[in-house]
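What follows is the content of query.txt, which has compact mmCIF, C-alpha atoms:
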```txt
# COMPACT_ATOMS: atom_id res chain seq x y z
CA MET O 340 0.00 0.00 0.00
CA ALA O 341 2.86 2.37 0.85
CA ARG O 342 4.38 1.81 -2.59
CA LEU O 343 1.04 2.55 -4.25
CA LEU O 344 0.63 5.82 -2.35
CA TRP O 345 4.18 7.01 -2.78
CA PRO O 346 4.06 8.43 -6.37
CA PRO O 347 0.93 10.58 -5.79
CA LEU O 348 2.33 11.80 -2.49
CA ARG O 349 5.59 12.70 -4.17
CA VAL O 350 3.77 14.70 -6.83
CA LEU O 351 1.76 16.47 -4.15
CA LEU O 352 4.88 17.37 -2.22
CA LEU O 353 6.56 18.65 -5.35
CA LEU O 354 3.57 20.86 -6.10
CA GLU O 355 3.63 22.23 -2.57
CA VAL O 356 7.33 22.96 -2.79
CA ALA O 357 6.89 24.61 -6.20
CA ALA O 358 4.15 26.82 -4.79
CA ALA O 359 6.29 27.82 -1.82
CA VAL O 360 9.54 28.49 -3.71
CA SER O 361 8.24 31.40 -5.77
CA PHE O 362 10.71 34.20 -5.05
CA LEU O 363 12.53 33.89 -8.35
CA HIS O 364 12.46 35.42 -11.79
CA HIS O 365 9.97 33.67 -14.07
CA ARG O 366 10.73 33.31 -17.75
CA TYR O 367 7.72 33.15 -20.07
CA GLU O 368 7.05 29.40 -19.72
CA GLU O 369 7.52 29.59 -15.95
CA MET O 370 5.19 32.57 -15.72
CA VAL O 371 2.50 30.71 -17.64
CA GLN O 372 2.93 27.67 -15.38
CA ALA O 373 2.61 29.88 -12.29
CA LEU O 374 -0.64 31.39 -13.58
CA PHE O 375 -2.16 28.02 -14.40
CA ARG O 376 -1.07 26.65 -11.04
CA VAL O 377 -3.04 29.40 -9.29
CA GLN O 378 -6.02 28.71 -11.53
CA ASN O 379 -5.79 25.03 -10.67
CA GLU O 380 -5.63 25.79 -6.94
CA CYS O 381 -8.61 28.18 -7.03
CA PRO O 382 -10.69 26.98 -9.98
CA TYR O 383 -14.02 28.39 -8.78
CA VAL O 384 -12.87 32.01 -8.43
CA THR O 385 -10.31 32.32 -11.24
CA ARG O 386 -10.11 32.29 -15.02
CA ILE O 387 -7.19 32.64 -17.43
CA TYR O 388 -7.65 34.31 -20.80
CA SER O 389 -5.44 35.92 -23.43
CA VAL O 390 -6.08 39.39 -24.84
CA GLY O 391 -3.78 38.82 -27.82
CA ARG O 392 -0.21 37.99 -28.76
CA SER O 393 3.11 39.80 -28.79
CA VAL O 394 5.19 40.43 -31.90
CA GLU O 395 6.91 37.05 -31.40
CA GLY O 396 3.65 35.24 -30.73
CA ARG O 397 3.62 35.03 -26.93
CA HIS O 398 0.21 35.27 -25.31
CA LEU O 399 -0.66 38.32 -23.22
CA TYR O 400 -2.29 36.31 -20.44
CA VAL O 401 -4.65 37.70 -17.82
CA LEU O 402 -5.65 35.96 -14.59
CA GLU O 403 -9.12 36.97 -13.41
CA PHE O 404 -10.41 36.71 -9.84
CA SER O 405 -14.18 36.82 -9.32
CA ASP O 406 -16.93 34.86 -7.59
CA HIS O 407 -18.35 34.44 -11.10
CA PRO O 408 -15.31 34.25 -13.41
CA GLY O 409 -15.95 35.33 -16.96
CA ILE O 410 -19.16 37.19 -16.11
CA HIS O 411 -19.72 40.88 -15.49
CA GLU O 412 -22.19 41.26 -12.64
CA PRO O 413 -24.16 44.52 -12.56
CA LEU O 414 -22.79 46.99 -9.99
CA GLU O 415 -19.59 44.94 -9.52
CA PRO O 416 -16.65 47.11 -10.65
CA GLU O 417 -13.81 45.89 -12.87
CA PHE O 418 -10.19 46.39 -11.78
CA LYS O 419 -6.89 45.70 -13.57
CA TYR O 420 -3.16 45.52 -12.88
CA VAL O 421 -0.69 45.55 -15.79
CA GLY O 422 2.98 44.67 -15.28
CA ASN O 423 6.19 44.47 -17.30
CA MET O 424 5.14 46.99 -19.95
CA HIS O 425 8.84 47.73 -20.27
CA GLY O 426 10.47 44.34 -20.68
CA ASN O 427 13.47 45.12 -18.50
CA GLU O 428 11.38 46.48 -15.61
CA VAL O 429 10.57 43.16 -14.03
CA LEU O 430 9.59 43.68 -10.40
CA GLY O 431 5.94 44.36 -11.28
CA ARG O 432 5.78 41.07 -13.16
CA GLU O 433 6.99 39.12 -10.12
CA LEU O 434 4.80 41.08 -7.69
CA LEU O 435 1.68 40.33 -9.72
CA LEU O 436 2.51 36.62 -9.73
CA GLN O 437 2.98 36.84 -5.97
CA LEU O 438 -0.30 38.74 -5.61
CA SER O 439 -2.13 36.08 -7.63
CA GLU O 440 -0.79 33.33 -5.42
CA PHE O 441 -1.54 35.38 -2.30
CA LEU O 442 -5.18 36.07 -3.23
CA CYS O 443 -5.74 32.39 -3.97
CA GLU O 444 -4.12 31.20 -0.75
CA GLU O 445 -5.92 33.76 1.40
CA TYR O 446 -9.25 32.93 -0.19
CA ARG O 447 -8.74 29.22 0.47
CA ARG O 448 -7.67 30.04 4.02
CA GLY O 449 -10.94 31.88 4.64
CA SER O 450 -9.66 35.46 4.85
CA GLU O 451 -12.71 37.71 5.16
CA ARG O 452 -10.92 40.64 3.60
CA VAL O 453 -9.81 38.77 0.49
CA ALA O 454 -13.12 36.92 0.15
CA ARG O 455 -15.02 40.21 0.27
CA LEU O 456 -12.65 41.70 -2.29
CA ILE O 457 -13.13 38.80 -4.72
CA HIS O 458 -16.89 38.67 -4.19
CA ASP O 459 -17.35 42.43 -4.67
CA THR O 460 -14.76 43.11 -7.38
CA ARG O 461 -13.79 41.57 -10.69
CA ILE O 462 -9.98 41.68 -10.65
CA HIS O 463 -7.86 41.26 -13.80
CA ILE O 464 -4.10 40.71 -13.49
CA MET O 465 -1.76 40.89 -16.51
CA PRO O 466 1.76 40.08 -15.25
CA SER O 467 3.47 40.91 -18.55
CA MET O 468 2.44 43.23 -21.37
CA ASN O 469 5.86 42.88 -23.01
CA PRO O 470 6.95 39.22 -22.75
CA ASP O 471 9.29 39.54 -25.75
CA GLY O 472 11.25 42.38 -24.19
CA TYR O 473 11.49 40.48 -20.92
CA GLU O 474 13.15 37.51 -22.62
CA VAL O 475 15.79 39.82 -24.11
CA ALA O 476 16.50 41.40 -20.72
CA ALA O 477 16.50 38.08 -18.86
CA LYS O 478 19.01 36.46 -21.20
CA GLN O 479 21.72 38.84 -20.00
CA GLY O 480 21.56 37.67 -16.40
CA PRO O 481 20.98 39.90 -13.35
CA ASP O 482 24.62 41.04 -13.15
CA SER O 483 24.88 42.44 -16.66
CA ILE O 484 21.50 44.01 -17.33
CA GLY O 485 21.79 47.07 -19.53
CA TYR O 486 19.65 50.02 -18.48
CA LEU O 487 17.61 49.93 -21.70
CA THR O 488 18.21 46.37 -22.92
CA GLY O 489 14.84 44.66 -23.34
CA ARG O 490 12.85 47.82 -22.58
CA ASN O 491 11.08 47.91 -25.96
CA ASN O 492 9.09 45.22 -27.72
CA ALA O 493 10.53 42.98 -30.44
CA ASN O 494 10.01 45.75 -33.01
CA GLY O 495 12.09 48.15 -30.92
CA VAL O 496 9.09 50.25 -29.88
CA ASP O 497 8.52 51.69 -26.42
CA LEU O 498 4.98 50.56 -25.61
CA ASN O 499 4.45 53.44 -23.20
CA ARG O 500 4.96 55.87 -26.08
CA ASN O 501 2.73 53.94 -28.47
CA PHE O 502 -0.89 54.75 -27.56
CA PRO O 503 -2.89 57.26 -29.63
CA ASP O 504 -2.17 60.80 -28.48
CA LEU O 505 -5.52 61.92 -27.13
CA ASN O 506 -4.01 64.63 -24.92
CA THR O 507 -3.49 66.90 -27.91
CA PHE O 508 -7.15 66.53 -28.90
CA MET O 509 -8.20 67.11 -25.30
CA TYR O 510 -6.16 70.29 -24.91
CA TYR O 511 -7.58 71.58 -28.18
CA ASN O 512 -11.10 70.66 -27.10
CA GLY O 513 -10.56 72.57 -23.88
CA GLU O 514 -9.92 75.74 -25.84
CA ILE O 515 -13.25 75.35 -27.64
CA SER O 516 -15.18 73.94 -24.62
CA GLY O 517 -15.29 70.46 -26.09
CA PRO O 518 -15.30 67.14 -24.18
CA ASN O 519 -12.23 65.73 -22.43
CA HIS O 520 -13.64 62.27 -21.98
CA HIS O 521 -14.23 59.33 -24.35
CA ILE O 522 -12.30 61.13 -27.06
CA PRO O 523 -12.64 59.22 -30.36
CA LEU O 524 -9.60 57.49 -31.79
CA PRO O 525 -8.09 58.76 -35.06
CA ASP O 526 -9.18 56.85 -38.15
CA ASN O 527 -5.76 55.31 -38.81
CA TRP O 528 -4.87 54.43 -35.22
CA LYS O 529 -4.56 50.67 -35.79
CA SER O 530 -1.76 51.17 -38.30
CA GLN O 531 0.19 53.26 -35.79
CA VAL O 532 0.32 50.90 -32.81
CA GLU O 533 2.15 47.69 -31.98
CA PRO O 534 0.40 44.30 -31.56
CA GLU O 535 0.71 44.52 -27.76
CA THR O 536 -0.76 48.02 -27.71
CA LEU O 537 -3.57 47.01 -30.05
CA ALA O 538 -4.41 44.04 -27.83
CA VAL O 539 -4.56 46.23 -24.72
CA ILE O 540 -6.70 48.89 -26.40
CA GLN O 541 -9.18 46.25 -27.53
CA TRP O 542 -9.10 44.73 -24.04
CA ILE O 543 -9.93 47.97 -22.26
CA SER O 544 -12.59 48.71 -24.87
CA ASN O 545 -14.36 45.42 -24.09
CA TYR O 546 -14.30 45.70 -20.28
CA ASN O 547 -15.70 48.63 -18.34
CA PHE O 548 -12.66 49.06 -16.10
CA VAL O 549 -13.01 51.55 -13.25
CA LEU O 550 -9.56 51.60 -11.61
CA SER O 551 -6.14 50.42 -12.73
CA ALA O 552 -2.39 50.63 -12.15
CA ASN O 553 0.53 49.75 -14.37
CA LEU O 554 3.77 48.68 -12.69
CA HIS O 555 7.20 49.97 -13.68
CA GLY O 556 10.73 50.25 -12.29
CA GLY O 557 13.67 52.65 -12.16
CA ALA O 558 12.25 54.90 -9.43
CA VAL O 559 10.02 54.60 -6.35
CA VAL O 560 6.95 56.83 -6.67
CA ALA O 561 3.22 56.70 -7.45
CA ASN O 562 2.67 58.75 -10.59
CA TYR O 563 -0.75 60.07 -11.67
CA PRO O 564 -2.17 61.87 -14.77
CA TYR O 565 -1.67 63.88 -16.73
CA ASP O 566 1.63 62.60 -18.02
CA LYS O 567 1.72 65.03 -20.95
CA SER O 568 2.15 68.74 -20.39
CA GLN O 569 -0.21 71.08 -22.18
CA ASP O 570 2.50 73.66 -22.83
CA THR O 571 5.04 72.41 -25.39
CA ARG O 572 7.66 74.72 -23.89
CA PHE O 573 7.84 72.52 -20.82
CA ARG O 574 8.08 69.10 -22.50
CA SER O 575 11.57 68.25 -21.31
CA HIS O 576 13.34 66.75 -18.31
CA ARG O 577 14.66 70.14 -17.22
CA ARG O 578 11.54 72.28 -17.44
CA THR O 579 8.32 70.77 -16.18
CA VAL O 580 4.93 72.02 -15.10
CA ASN O 581 2.15 70.43 -13.07
CA THR O 582 -0.66 69.37 -15.42
CA PRO O 583 -3.64 68.21 -13.35
CA THR O 584 -6.76 66.42 -14.52
CA PRO O 585 -10.24 67.55 -13.43
CA ASP O 586 -9.96 64.70 -10.88
CA ASP O 587 -6.60 65.84 -9.50
CA LYS O 588 -7.49 65.57 -5.81
CA LEU O 589 -8.92 62.10 -6.31
CA PHE O 590 -5.81 60.97 -8.18
CA GLN O 591 -3.62 62.32 -5.39
CA LYS O 592 -5.64 60.32 -2.89
CA LEU O 593 -5.32 57.16 -4.98
CA ALA O 594 -1.56 57.62 -5.30
CA LYS O 595 -1.17 58.28 -1.58
CA THR O 596 -3.14 55.15 -0.77
CA TYR O 597 -0.42 53.12 -2.47
CA SER O 598 2.57 55.15 -1.28
CA TYR O 599 1.56 55.13 2.40
CA ALA O 600 0.71 51.42 2.38
CA HIS O 601 4.11 50.72 0.80
CA GLY O 602 7.10 49.97 2.97
CA TRP O 603 9.04 53.14 2.15
CA MET O 604 7.59 54.90 -0.92
CA HIS O 605 5.86 57.56 1.21
CA ARG O 606 9.16 58.72 2.75
CA GLY O 607 9.89 60.61 -0.45
CA TRP O 608 13.65 60.09 -0.74
CA ASN O 609 14.31 57.15 -3.04
CA CYS O 610 16.78 56.42 -5.84
CA GLY O 611 18.34 59.87 -5.46
CA ASP O 612 15.03 61.65 -6.08
CA TYR O 613 12.59 63.30 -3.71
CA PHE O 614 8.81 63.19 -4.17
CA ALA O 615 6.65 64.62 -1.37
CA ASP O 616 4.45 61.84 0.05
CA GLY O 617 5.98 59.50 -2.53
CA ILE O 618 3.65 60.73 -5.29
CA THR O 619 3.95 62.98 -8.35
CA ASN O 620 1.92 64.40 -11.18
CA GLY O 621 3.40 62.86 -14.33
CA ALA O 622 3.97 66.08 -16.27
CA SER O 623 5.37 67.71 -13.14
CA TRP O 624 8.09 65.04 -13.17
CA TYR O 625 8.59 65.13 -16.95
CA SER O 626 6.23 65.23 -19.89
CA LEU O 627 5.43 61.96 -21.63
CA SER O 628 3.44 61.66 -24.85
CA LYS O 629 1.27 58.70 -25.93
CA GLY O 630 1.37 57.04 -22.51
CA MET O 631 -1.03 54.38 -21.29
CA GLN O 632 -2.38 56.04 -18.14
CA ASP O 633 -3.51 59.23 -19.89
CA PHE O 634 -5.06 57.11 -22.64
CA ASN O 635 -7.11 55.18 -20.06
CA TYR O 636 -8.47 58.38 -18.56
CA LEU O 637 -9.27 60.09 -21.87
CA TYR O 638 -10.66 57.12 -23.80
CA THR O 639 -12.38 54.95 -21.18
CA ASN O 640 -14.01 55.17 -17.77
CA CYS O 641 -10.82 53.91 -16.12
CA PHE O 642 -8.72 55.89 -13.65
CA GLU O 643 -5.15 54.62 -13.94
CA ILE O 644 -1.91 55.49 -12.15
CA THR O 645 1.67 54.38 -12.81
CA LEU O 646 3.62 52.73 -10.01
CA GLU O 647 7.42 52.99 -10.06
CA LEU O 648 8.47 50.29 -7.64
CA SER O 649 12.25 49.82 -7.52
CA CYS O 650 15.47 51.69 -8.16
CA ASN O 651 16.89 48.55 -9.76
CA LYS O 652 14.87 47.66 -12.83
CA PHE O 653 15.95 44.00 -12.67
CA PRO O 654 16.52 43.35 -8.95
CA PRO O 655 18.32 40.14 -7.91
CA LYS O 656 16.07 37.29 -6.85
CA GLU O 657 17.40 37.62 -3.29
CA ASP O 658 15.61 40.98 -3.07
CA LEU O 659 12.22 39.76 -4.31
CA GLU O 660 10.86 38.62 -0.96
CA ARG O 661 11.71 41.96 0.68
CA GLN O 662 10.05 43.79 -2.20
CA TRP O 663 6.96 41.62 -1.94
CA MET O 664 6.60 42.35 1.76
CA ALA O 665 6.94 46.07 1.04
CA ASN O 666 4.25 46.02 -1.67
CA ARG O 667 1.78 43.36 -0.51
CA GLU O 668 -0.48 45.59 1.58
CA ALA O 669 -0.30 48.41 -0.96
CA LEU O 670 -1.37 46.14 -3.82
CA VAL O 671 -4.44 44.99 -1.89
CA ALA O 672 -5.30 48.42 -0.47
CA PHE O 673 -5.20 49.99 -3.92
CA ILE O 674 -7.73 47.46 -5.26
CA GLU O 675 -10.04 48.37 -2.38
CA GLU O 676 -10.00 52.02 -3.54
CA ILE O 677 -12.38 51.01 -6.32
CA HIS O 678 -15.19 50.93 -3.76
CA GLN O 679 -15.72 54.65 -3.26
CA GLY O 680 -17.80 57.39 -4.85
CA ILE O 681 -21.14 56.52 -6.43
CA LYS O 682 -22.49 53.72 -8.55
CA GLY O 683 -25.89 52.67 -9.82
CA MET O 684 -28.11 51.69 -12.70
CA VAL O 685 -29.36 53.88 -15.53
CA SER O 686 -32.58 52.44 -16.88
CA ASP O 687 -35.63 53.40 -18.89
CA GLU O 688 -39.22 53.44 -17.68
CA ASN O 689 -39.44 49.67 -18.24
CA ASN O 690 -36.34 49.03 -16.11
CA ASN O 691 -34.22 48.15 -19.12
CA GLY O 692 -30.60 49.20 -18.71
CA ILE O 693 -29.40 52.06 -20.90
CA ALA O 694 -25.87 51.58 -22.22
CA GLY O 695 -23.69 54.60 -22.93
CA ALA O 696 -25.59 57.01 -20.69
CA VAL O 697 -23.41 59.95 -19.67
CA ILE O 698 -22.88 60.58 -15.95
CA SER O 699 -21.83 64.18 -15.26
CA VAL O 700 -20.76 65.61 -11.91
CA GLN O 701 -21.24 69.34 -11.49
CA GLY O 702 -17.90 71.08 -11.04
CA ILE O 703 -15.80 68.19 -12.43
CA SER O 704 -15.45 68.42 -16.22
CA HIS O 705 -14.86 64.74 -16.81
CA ASP O 706 -17.75 62.33 -17.37
CA VAL O 707 -18.14 58.57 -17.30
CA THR O 708 -20.61 56.39 -19.17
CA SER O 709 -22.77 53.42 -18.25
CA GLY O 710 -21.79 49.94 -19.38
CA ASP O 711 -23.64 47.46 -21.56
CA MET O 712 -26.03 46.53 -18.74
CA GLY O 713 -26.69 50.14 -17.75
CA ASP O 714 -24.54 50.13 -14.63
CA TYR O 715 -22.07 52.94 -14.00
CA PHE O 716 -19.28 53.68 -11.52
CA ARG O 717 -17.98 57.14 -10.67
CA LEU O 718 -15.02 57.40 -8.27
CA LEU O 719 -15.38 60.45 -6.02
CA LEU O 720 -13.96 61.79 -2.78
CA PRO O 721 -16.31 62.20 0.21
CA GLY O 722 -18.62 65.17 -0.22
CA THR O 723 -21.94 66.32 -1.63
CA TYR O 724 -22.38 66.29 -5.40
CA THR O 725 -24.95 67.21 -8.04
CA VAL O 726 -25.02 64.40 -10.58
CA THR O 727 -26.80 64.25 -13.95
CA ALA O 728 -27.52 61.22 -16.12
CA SER O 729 -28.37 61.81 -19.76
CA ALA O 730 -28.77 59.69 -22.87
CA GLU O 731 -29.77 60.27 -26.47
CA GLY O 732 -33.53 60.10 -26.81
CA TYR O 733 -34.22 60.49 -23.08
CA GLN O 734 -34.88 63.34 -20.70
CA SER O 735 -31.91 63.92 -18.41
CA GLN O 736 -32.24 63.49 -14.65
CA THR O 737 -30.33 65.35 -11.95
CA VAL O 738 -29.95 64.39 -8.29
CA THR O 739 -27.93 65.59 -5.31
CA THR O 740 -26.15 62.94 -3.27
CA THR O 741 -23.66 62.72 -0.43
CA VAL O 742 -20.65 60.43 -0.67
CA GLY O 743 -19.18 58.97 2.50
CA PRO O 744 -15.69 57.60 3.18
CA ALA O 745 -16.61 53.95 3.71
CA ALA O 746 -18.44 52.62 0.65
CA PRO O 747 -19.93 53.87 -2.62
CA SER O 748 -23.35 55.49 -2.50
CA LEU O 749 -26.05 53.86 -4.62
CA VAL O 750 -27.56 56.41 -7.01
CA HIS O 751 -29.95 55.00 -9.61
CA PHE O 752 -31.44 56.89 -12.56
CA GLN O 753 -34.64 56.10 -14.44
CA LEU O 754 -34.87 58.20 -17.58
CA LYS O 755 -38.06 59.03 -19.41
CA GLN O 756 -38.13 59.01 -23.17
CA ASP O 757 -38.27 62.34 -24.95
CA VAL O 758 -41.68 63.02 -26.43
CA VAL O 759 -41.16 64.46 -29.88
CA ARG O 760 -44.11 66.66 -30.61
CA LYS O 761 -45.39 66.74 -34.17
CA PRO O 762 -44.78 70.23 -35.58
CA PRO O 763 -47.91 72.23 -36.44
CA GLU O 764 -48.93 72.50 -40.07
CA ARG O 765 -47.83 75.67 -41.73
CA LYS O 766 -50.79 77.98 -42.35
CA THR O 767 -49.07 80.29 -44.76
CA SER O 768 -46.73 79.57 -47.61
CA GLY O 769 -44.58 82.50 -46.56
CA SER O 770 -43.09 80.66 -43.56
CA ARG O 771 -39.39 79.93 -44.05
CA MET O 772 -39.10 77.44 -41.16
CA ASN O 773 -39.22 73.83 -42.33
CA ASN O 774 -40.28 70.89 -40.16
CA LYS O 775 -36.74 69.80 -39.39
CA ALA O 776 -35.78 73.20 -38.07
CA LEU O 777 -38.96 73.40 -36.04
CA GLN O 778 -38.30 70.03 -34.43
CA LYS O 779 -34.85 71.19 -33.43
CA ARG O 780 -36.42 74.25 -31.90
CA VAL O 781 -39.09 72.28 -30.01
CA VAL O 782 -36.80 69.48 -28.78
CA PRO O 783 -33.38 70.92 -27.88
CA ARG O 784 -30.44 68.52 -27.64
CA ALA O 785 -29.10 67.80 -24.21
CA THR O 786 -25.68 69.23 -23.41
CA HIS O 787 -23.11 67.37 -21.30
CA GLN O 788 -20.25 68.70 -19.13
CA GLY O 789 -18.17 67.44 -20.16
CA THR O 790 13.93 57.72 -15.31
CA GLN O 791 11.43 56.84 -18.00
CA ARG O 792 7.94 55.67 -17.41
```

Show me the file's structure as structure tokens.
Amino acid sequence: MARLLWPPLRVLLLLEVAAAVSFLHHRYEEMVQALFRVQNECPYVTRIYSVGRSVEGRHLYVLEFSDHPGIHEPLEPEFKYVGNMHGNEVLGRELLLQLSEFLCEEYRRGSERVARLIHDTRIHIMPSMNPDGYEVAAKQGPDSIGYLTGRNNANGVDLNRNFPDLNTFMYYNGEISGPNHHIPLPDNWKSQVEPETLAVIQWISNYNFVLSANLHGGAVVANYPYDKSQDTRFRSHRRTVNTPTPDDKLFQKLAKTYSYAHGWMHRGWNCGDYFADGITNGASWYSLSKGMQDFNYLYTNCFEITLELSCNKFPPKEDLERQWMANREALVAFIEEIHQGIKGMVSDENNNGIAGAVISVQGISHDVTSGDMGDYFRLLLPGTYTVTASAEGYQSQTVTTTVGPAAPSLVHFQLKQDVVRKPPERKTSGSRMNNKALQKRVVPRATHQGTQR
């Protein structure tokens, strides 16, 4: 009997050892194995999917945590972490693998905090956006890593300078009082981006993400939008200017949440630089064009920050455990920040969800829109707000609500259809107003308020 039991027991022990010995650098095959091991250990709350492939054909895998994997539940917000965008900045990749293992283990252990997080949030974790660049950097070995070797993708393109430049459109729109949210992409954008960038843009277009962070290395600071300065005179390392978004105070709070939960980021002095509270406005540090975090804010409903996590872009494996302990609480606490502000359903008079409804907050010129099911999420700091929901073909609705510090306030909207009145028949042939012009006059259109990273 002992001989019959021995092989399965040996396999079990090997799996346990493999799960425990995880403070090492994972090449592509090892990273994939680590993700599938977590999925195997927590099959009921995880799912693995690919958003596309790199230039050299490697999958851009995502590990999802949810109590209903693969399904968007109304009023459950979507969160994402993206690591290893620059192939030679590898700590984020390893931290996200550690986080995946941690969430699974804590869920199995019965942690109330992690269980609540997984039940109330749909979490998407992409350990590597640039697996090709990582392989180039990793081949050198930790003692001979060049500062830029492996940074770009296999086509030699910096992926964090490869997204459509929506800032320029936004700054122009601001001069003519146009929108600075959900800015349309240029017609030829697909021909201007790399396969990895294209995959990520399609990914964030298909999921209604609310909050996100992308993980980098080379400094220790939490960086928030805008990354690109409005004034071209200041687009250099030597001359910078703070360029805040309409949600600047909220972004500062999000960045501080990570920096103060981190082991030492909040102290400010790191890697020879000083950042008060361990945070910085991107353009205030240096201006960056075509970056991913600004693109998220201007094209989607997602609020994204950039986390610079280590002075050494490719730290030795002996340092990984210390780095994990410094970042573990911060990684979890930042996910929890998604549960603030307001959320609710936008529906018609028959309780059917209205997709694409615009949610405007008075005094903040940046809107969000409802998802396919009609649910929306608007991150806000505590306070009292006047909020308007509007949609084409419906009468807008405005409410006043108070947001507390503990949990999002539920604010639902039920919009009535516009009643288009038939224009009166013209009594004289001398009238110059045609029916179309009269309809526009009778039914006015709604207006809406609209190192290197």

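Residues within 7 Å of Gly426 in chain O, counting all atoms listed in the file and excluding same-chain residues fewer than 5 positions away, are Asn469, Pro470, Gly472, Tyr473, Ala476, Gly489, Arg490 and Asn491 of chain O.
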
**Study point:** CA of Tyr733 in chain O to CA of His678 in chain O, straight-line distance in Å
**Key:**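 One can read the CA of His678 in chain O to CA of Tyr733 in chain O distance as 28.8 Å.
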
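Picture a line from CA of Tyr420 in chain O to CA of Tyr486 in chain O; it runs 23.9 Å.
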
One residue among O:Leu627, O:Ile644, O:Val758, O:Leu749 is nearest to Gly683 in chain O when using only C-alpha atoms, and that residue is O:Leu749

What separates CA of Ile457 in chain O and CA of Glu403 in chain O is a distance of 9.7 Å

Handout entry: Pick from O:Ser598, O:Asn506, O:Ser709, O:Gln662, whichever lies nearest to Met631 in chain O using all atoms listed in the file
Key =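 Checking each of O:Ser598, O:Asn506, O:Ser709, O:Gln662 against Met631 in chain O, counting all atoms listed in the file, the winner is O:Asn506.
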
Exercise for review: Counting only C-alpha atoms, figure out which residue out of O:Asn492, O:Gln437, O:Asn519, O:Gln701 gets nearest to Asp633 in chain O.
Suggested key: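 That would be O:Asn519, the residue with the smallest distance to Asp633 in chain O.
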
Note to self: Every residue with an atom at most 12 Å from (-5.6, 31.5, -0.7) (file coordinates; all atoms listed in the file) is what I'm after, so could you write them as a PyMOL selection string?
What the structure shows: chain O and resi 358+377-382+384-385+404+437-454+457

Check the smallest atom-to-atom distance from each of O:Thr488, O:Thr645, O:Asn651, O:Ser389 to Tyr563 in chain O using all atoms listed in the file, then report the winner.
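Counting all atoms listed in the file, the residue closest to Tyr563 in chain O is O:Thr645.
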
The residue from O:Tyr597, O:Tyr400, O:Phe716, O:Phe634 with the smallest atom-to-atom distance to Phe508 in chain O, counting only C-alpha atoms, is O:Phe634

Around range 454-457 of chain O, fit a box with edges along x, y and z, padding it by 3 Å on each side, then list its centre and edge lengths in Å to one decimal as lines of an AutoDock Vina configuration file.
```
center_x = -13.8
center_y = 39.3
center_z = -2.2
size_x = 8.4
size_y = 10.8
size_z = 11.0
```

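Closest approach to Asp526 in chain O from the set O:Met509, O:Pro503, O:Glu676, O:Asp471 is made by O:Pro503, with distances taken over all atoms listed in the file.
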
Please provide as a compact mmCIF listing (two decimals) with C-alpha atoms, in the coordinates of the input all residues within 12 Å of Leu589 in chain O, with the sequence filter that same-chain residues fewer than 6 positions apart are discarded (counting only C-alpha atoms).
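The resulting part.txt:
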```txt
# COMPACT_ATOMS: atom_id res chain seq x y z
CA LEU O 550 -9.56 51.60 -11.61
CA TYR O 563 -0.75 60.07 -11.67
CA PRO O 564 -2.17 61.87 -14.77
CA PRO O 583 -3.64 68.21 -13.35
CA LYS O 595 -1.17 58.28 -1.58
CA THR O 596 -3.14 55.15 -0.77
CA PHE O 642 -8.72 55.89 -13.65
CA GLU O 643 -5.15 54.62 -13.94
CA ILE O 644 -1.91 55.49 -12.15
CA GLU O 676 -10.00 52.02 -3.54
CA ILE O 677 -12.38 51.01 -6.32
CA GLN O 679 -15.72 54.65 -3.26
CA GLY O 680 -17.80 57.39 -4.85
CA ILE O 703 -15.80 68.19 -12.43
CA ARG O 717 -17.98 57.14 -10.67
CA LEU O 718 -15.02 57.40 -8.27
CA LEU O 719 -15.38 60.45 -6.02
CA LEU O 720 -13.96 61.79 -2.78
CA PRO O 721 -16.31 62.20 0.21
CA GLY O 722 -18.62 65.17 -0.22
```

Would you mind writing range 655-662 of chain O with N, CA and C atoms, as a CSV table (one decimal), in the coordinates of the input?
```csv
chain,number,residue,atom,x,y,z
O,655,PRO,N,17.9,41.6,-8.1
O,655,PRO,CA,18.3,40.1,-7.9
O,655,PRO,C,17.2,39.4,-7.2
O,656,LYS,N,17.1,38.1,-7.4
O,656,LYS,CA,16.1,37.3,-6.8
O,656,LYS,C,16.1,37.3,-5.3
O,657,GLU,N,17.3,37.6,-4.8
O,657,GLU,CA,17.4,37.6,-3.3
O,657,GLU,C,16.6,38.8,-2.7
O,658,ASP,N,16.3,39.8,-3.5
O,658,ASP,CA,15.6,41.0,-3.1
O,658,ASP,C,14.1,40.9,-3.3
O,659,LEU,N,13.6,39.8,-3.9
O,659,LEU,CA,12.2,39.8,-4.3
O,659,LEU,C,11.3,39.6,-3.1
O,660,GLU,N,11.7,38.8,-2.1
O,660,GLU,CA,10.9,38.6,-1.0
O,660,GLU,C,10.7,39.9,-0.2
O,661,ARG,N,11.8,40.7,0.0
O,661,ARG,CA,11.7,42.0,0.7
O,661,ARG,C,10.8,42.9,-0.1
O,662,GLN,N,10.9,42.9,-1.4
O,662,GLN,CA,10.0,43.8,-2.2
O,662,GLN,C,8.6,43.4,-2.1
```
